[in-house]
Amino acid sequence: MPSNDADGNIPTDNLEDHSIFRRPVRTYVIRAGRMTENEKRSYEELHHVWCIPFEHRTLNFTDIFNNTNPVTMEIGFGMGHATAQIAQDNPNMNYIGSEVHVPGVGRLLGEIKKRQLKNLYLIEYDALEILETMIPDNSLAGFHIFFPDPWPKKKHHKRRLLQRPRTDLLVSKLSPGGYIYFATDWEEYALSAFEELSCTEGIHNKYEKFAPHQEWRPRTKFEQKGLDAGREIFELVFVKDEE
């Protein structure tokens with residue numbers, strides 16, 4: 001998932017951007033990180049099997065998964081432990097995970113093989129461009145956004161994923177009744193996300209404000225780091241209005 005503890009330069013200035021947002025900046029930073037031998041092996045051996053290449057085409061989920069089960073997308077899965085566990089616990093659901101951190105992709109590919117998962121595919125690319133280009137409108141059962149980079153400095157708040165018009169894009173890809181499930185250990189980001197989602201048309205908060213912990217969600221590495229540092233965990237669940 002996008003880094004929760006690193007900052008860096010994004011090589012996006014002066015690039016031509018044809019997206020609906022014409023973004024000069026990204027919502028993530030690509031972290032430098034060494035891959036273990038197991039991660040390298042998994043990446044090299046399994047990338048062509050379980051990774052969908054980024055292309056300017058609309059995905060057909062039935063062709064990918066060979067079934068019509070609901071599809072949930074996780075934006076920024078980090079090292080993928082929670083992603084693999086959720087997919088294993090819910091074999092009648094399909095999952096697509098997006099990530100730009102190569103070691104995390106390698107790690108999750110290894111988990112897919114070890115757990116013999118058939119309901120999880122990965123796309124190694126910018127999630128917003130994936131959504132704009134590859135994901136059909138009104139097609140997803142949900143979004144999982146667990147502990148994304150909070151971009152704590154005020155000058156970097158524009159990089160945050162959960163703000164309009166990015167939230168409008170998320171909603172456009174949800175089927176009626178689909179959900180956005182967000183978790184963070186950064187209170188200011190949680191409050192900001194609550195306001196941005198509350199102002200986004202077509203969705204409503206499932207709870208009065210913050211959601212109770214959803215017991216089916218495994219604890220993530222970044223969550224544990226936040227807890228170890230004494231920070232509170234904040235969760236939001238917004239649902240798309242039925243048409």
# chains A, B, ... in the order shown; residues from 1 in each chain; ligands from 1

call {"tool": "residues_around", "arguments": {"residues": "region 173-182 of chain A", "least_positions_apart": "2", "cutoff": "8 Å", "atoms": "only C-alpha atoms", "output": "list in words"}}
result
Leu131, Ile135, Pro136, Asp137, Asn138, Ser139, Leu140, Ala141, Gly142, Phe143, His144, Ile145, Phe146, Phe147, Leu169, Leu170, Val171, Thr184, Glu235, Leu236, Val237, Phe238, Val239, Lys240, Asp241, Glu242 and Glu243 of chain A

call {"tool": "residues_around", "arguments": {"residues": "region 70-87 of chain A", "least_positions_apart": "4", "cutoff": "8 Å", "atoms": "only C-alpha atoms", "output": "PyMOL selection string"}}
result
chain A and resi 1-3+61+91-101+103-105+107-108+111-112+117+119-120+127+139-146+148+216-220

call {"tool": "select_by_dssp", "arguments": {"residues": "chain A", "states": "strand (DSSP E or B)", "output": "number ranges by chain"}}
result
A: 51, 71-75, 94-98, 120-123, 140-146, 174-184, 203-205, 234-240
